[in-house]
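Shown next, in structure tokens, is the structure this report addresses.
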Amino acid sequence: MAIPSRMQDRLLVLSKLKQTNFATILTDGNLQSGKRISPEAPLFAQPDIQRWTNRDLSMKGHDYATQMQQVQVDLADSLPLVGDSWLLGWAFAMAMGKVTSSQPNAGGAPTAWQHIIEPLDPSTDGKDLPVTTIYTEVANVAGLKRRIKSVHVRGITLEYPPSAPLRLSVDLVGSGEITTGALASPPSLMTLVPLMSNNMAFLYGTQAAPADITTEIVRGSVKLGFSWNLDDENARHPGGGLYRSRAWEGRPDITLEFQRLVDDAAATPHDEFLADTIREVKFTVTGPLIAASEFHKIEVRGLAVVPEAVKVGQSGDKSVYQYTVGPTHWLKQGAADVINVTVENLETSYLV
């Protein structure tokens, strides 16, 4: 009997690069210069195959199938990750699609890079969402060492659990096409730089000058979601064979949930909810020092939000406001952003 495959002996490699187009897989060199990561659960990336058979055809003389043929291959999986500063940048860049990278302090901290990540604008950036190639292993045989082609991050959930690193859940969808074989000279396992939820600063209030309400936030209650609602209907076209042929944007959905302690002396959150008051929200988690005044960090900023619900509830023996900002309650005002995510780390760029 062969020794059972152990997931601790397997590899998972991500690249910061997007594919040049949907049809062109990243090279092994691109993957070798990527990051070998350790997720909270393995990524198997098992294809889902649809097949046609002739069982339901009549006048065969019996009730069984005699022919079978593959007609479509799908691939979807999820990847739970620790909220490391590099992984946060990777996930939001691959999901949202637009990144501007710069050095905030080139003289004092030349290794620190800041990445402002936003949803792409289909009117100027095109409708093609970024796709990448992922290398993953299931066992030590070549057929179960895989390059997963044309993978899009179709959804992200970012949670801020109490006294723990941020938790990042990434939903993936691939073209369905897999190239098998071992990746020679894979990168070494990366050292995580987890950002801790204890270090969160939470601002909410007047646009351009939100107030710091960090001490009012119920720890562990903050949860952010983003999805492009990938255009699955048009992901395939005649002549495309078994696999998806493109990843077109749909309509972006942004969600935010958090809880805030009720103040005995004021009913401001309740009053603002009834008045549909437009607010800015910004929450930041700062991690280890890079150099000078630059730190590993993530900042999420919603420039104009109107909570669709501010329910009064209970957390322990305390009254709390339960905020929900759904997809239709993130407002676009002129040329201003709706949401941007700023990540600072040691990576020089994402997508390119």
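Chain labels run A, B, ... following the order of the structure tokens; each chain numbers its residues from 1, and ligands are numbered from 1 in the order shown.
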Checklist line | Residues near stretch 284-289 of chain A, cut-off 7 Å, only C-alpha atoms, skip fewer than 6 positions along chain, as a ChimeraX atom specification | finding: /A:195-197,199-202,295-300
Output of the above residues as a CSV table (one decimal), in the first residue's frame, restricted to N, CA, C and O atoms:
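Output below, filename part_5.csv:
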chain,number,residue,atom,x,y,z
A,195,LEU,N,-2.0,40.7,9.8
A,195,LEU,CA,-2.5,42.0,10.4
A,195,LEU,C,-3.6,41.6,11.4
A,195,LEU,O,-4.5,40.9,11.1
A,196,MET,N,-3.4,42.1,12.6
A,196,MET,CA,-4.2,41.7,13.8
A,196,MET,C,-5.4,42.7,13.9
A,196,MET,O,-5.2,43.9,13.9
A,197,SER,N,-6.6,42.1,14.1
A,197,SER,CA,-7.8,42.9,14.3
A,197,SER,C,-7.7,43.8,15.5
A,197,SER,O,-8.4,44.9,15.6
A,199,ASN,N,-5.6,45.8,16.2
A,199,ASN,CA,-5.0,47.1,15.9
A,199,ASN,C,-5.9,47.9,14.9
A,199,ASN,O,-5.4,48.8,14.3
A,200,MET,N,-7.2,47.6,14.8
A,200,MET,CA,-8.0,48.3,13.9
A,200,MET,C,-8.4,49.7,14.5
A,200,MET,O,-8.7,49.9,15.7
A,201,ALA,N,-8.4,50.7,13.6
A,201,ALA,CA,-9.0,52.0,13.8
A,201,ALA,C,-10.2,52.2,12.9
A,201,ALA,O,-10.1,51.9,11.7
A,202,PHE,N,-11.3,52.6,13.5
A,202,PHE,CA,-12.6,52.6,12.7
A,202,PHE,C,-13.1,54.0,12.8
A,202,PHE,O,-13.4,54.6,13.9
A,295,PHE,N,4.3,51.2,7.6
A,295,PHE,CA,4.0,50.0,8.2
A,295,PHE,C,3.2,49.1,7.2
A,295,PHE,O,2.6,49.6,6.2
A,296,HIS,N,3.3,47.8,7.4
A,296,HIS,CA,2.3,46.9,6.7
A,296,HIS,C,0.9,47.3,7.2
A,296,HIS,O,0.7,47.4,8.4
A,297,LYS,N,0.0,47.4,6.3
A,297,LYS,CA,-1.4,47.8,6.7
A,297,LYS,C,-2.4,47.6,5.6
A,297,LYS,O,-2.0,47.4,4.4
A,298,ILE,N,-3.6,47.7,6.0
A,298,ILE,CA,-4.7,47.7,5.0
A,298,ILE,C,-5.7,48.8,5.5
A,298,ILE,O,-6.0,48.9,6.7
A,299,GLU,N,-6.2,49.6,4.5
A,299,GLU,CA,-7.3,50.6,4.8
A,299,GLU,C,-8.4,50.4,3.8
A,299,GLU,O,-8.1,50.3,2.6
A,300,VAL,N,-9.6,50.4,4.3
A,300,VAL,CA,-10.8,50.3,3.5
A,300,VAL,C,-11.5,51.6,3.7
A,300,VAL,O,-11.8,52.0,4.8
Note to self: DSSP on the backbone, strand (DSSP E) only: what residues of stretch 22-238 of chain A does that give? Format it as a ChimeraX atom specification.
What the structure shows: /A:35-36,48-53,68-82,97-102,113-119,132-137,145-159,167-174,178-180,200-205,211-212,223-227
Checklist line | DSSP-assigned helix (DSSP H, G or I) among stretch 17-118 of chain A, expressed as an MDAnalysis selection string | finding: chainID A and resid 28:32 85:96
Check: Which of these, A:Ala292, A:Leu274, A:Val325, A:Val320, has the shortest distance to A:Glu257 once you count only C-alpha atoms?
Finding: A:Val325
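Coordinates place atom CA of A:Ile116 at a distance of 13.9 Å from atom CA of A:Ala336.
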Next item on the list: For stretch 231-248 of chain A, please output as a PyMOL selection string all residues within 8 Å (counting only C-alpha atoms; exclusion window: fewer than 5 positions along the same chain).
Entry: chain A and resi 22-23+70-74+127-131+152+174-177
Hey, what's within 9 Å of A:Glu40 if we count only C-alpha atoms and toss same-chain stuff fewer than 5 positions away? As a compact mmCIF listing (two decimals) with all heavy atoms, in the first residue's frame, please?
# COMPACT_ATOMS: atom_id res chain seq x y z
N LEU A 79 -10.85 29.58 -1.07
CA LEU A 79 -9.51 29.59 -0.48
C LEU A 79 -9.55 30.44 0.78
O LEU A 79 -9.60 31.67 0.70
CB LEU A 79 -8.52 30.15 -1.49
CG LEU A 79 -7.03 30.12 -1.15
CD1 LEU A 79 -6.57 28.69 -0.88
CD2 LEU A 79 -6.23 30.73 -2.29
N PRO A 80 -9.55 29.81 1.96
CA PRO A 80 -9.52 30.57 3.21
C PRO A 80 -8.08 30.92 3.60
O PRO A 80 -7.22 30.03 3.65
CB PRO A 80 -10.17 29.61 4.22
CG PRO A 80 -9.88 28.25 3.69
CD PRO A 80 -9.74 28.36 2.20
N LEU A 81 -7.84 32.19 3.88
CA LEU A 81 -6.48 32.67 4.08
C LEU A 81 -6.36 33.51 5.35
O LEU A 81 -7.31 34.18 5.77
CB LEU A 81 -6.04 33.53 2.89
CG LEU A 81 -6.03 32.86 1.52
CD1 LEU A 81 -5.88 33.91 0.42
CD2 LEU A 81 -4.90 31.84 1.44
N VAL A 82 -5.18 33.51 5.92
CA VAL A 82 -4.83 34.45 6.97
C VAL A 82 -4.68 35.83 6.33
O VAL A 82 -4.20 35.96 5.20
CB VAL A 82 -3.51 34.03 7.65
CG1 VAL A 82 -3.03 35.12 8.61
CG2 VAL A 82 -3.69 32.71 8.38
Checklist line | All residues 7 Å or closer to A:Ala304, only C-alpha atoms, same chain fewer than 5 positions away omitted, as a ChimeraX atom specification | finding: /A:278-280,330-331,338
Now that the selection is made, can you save its residues with C-alpha atoms as a short mmCIF file (atom, residue, chain, number, x, y, z; two decimals), in the first residue's frame?
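Final output, saved to again-v9.cif:
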data_model
loop_
_atom_site.label_atom_id
_atom_site.label_comp_id
_atom_site.auth_asym_id
_atom_site.auth_seq_id
_atom_site.Cartn_x
_atom_site.Cartn_y
_atom_site.Cartn_z
CA ILE A 278 -24.72 60.10 3.81
CA ARG A 279 -21.60 59.10 5.70
CA GLU A 280 -17.99 58.15 5.06
CA TRP A 330 -22.72 52.65 -1.72
CA LEU A 331 -23.15 55.92 -3.60
CA VAL A 338 -17.13 54.58 -4.32
#
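For the choices A:Leu261, A:Gln207, A:Leu351, A:Thr179, the atom-to-atom distance to A:Val281 is smallest for A:Gln207 when using only C-alpha atoms.
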Item checked: Neighbour list for A:Gln46 as an MDAnalysis selection string, cut-off 12 Å, only C-alpha atoms, skip fewer than 3 positions in-chain -> chainID A and resid 42:43 49 73:78 136:138 144:148 172:174 176:178
Next item on the list: Pick out the closest residue to A:Ser227 from this set: A:Leu203, A:Ala109, A:Ala91, A:Gln333. Count only C-alpha atoms.
Entry: A:Ala91
Checklist line | Atomic separation - atom CA of A:Gln322 relative to atom CA of A:Val310, Å | finding: 5.2 Å
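The closest residue to A:Pro39, picked from A:Gly61, A:Gly83, A:Gly97, A:Pro307 and counting only C-alpha atoms, is A:Gly83.
In this model, the gap between atom CA of A:Leu17 and atom CA of A:Leu303 comes to 28.5 Å.
Among the candidate residues A:Ser349, A:Gln314, A:Gln8, A:Thr191, the one lying nearest to A:Ile37 is A:Thr191, with distances computed using only C-alpha atoms.
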Margin query: Excluding A:Pro327 and its own-chain neighbours fewer than 5 positions away, which residues fall within 10 Å of it when counting only C-alpha atoms? Please give them as a PyMOL selection string.
Written below: chain A and resi 225-227+251-256+305+308
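In this comparison, which uses only C-alpha atoms, the residue of A:Pro194, A:Ala2, A:Asn21, A:Leu224 approaching A:Asn140 most closely is A:Ala2.
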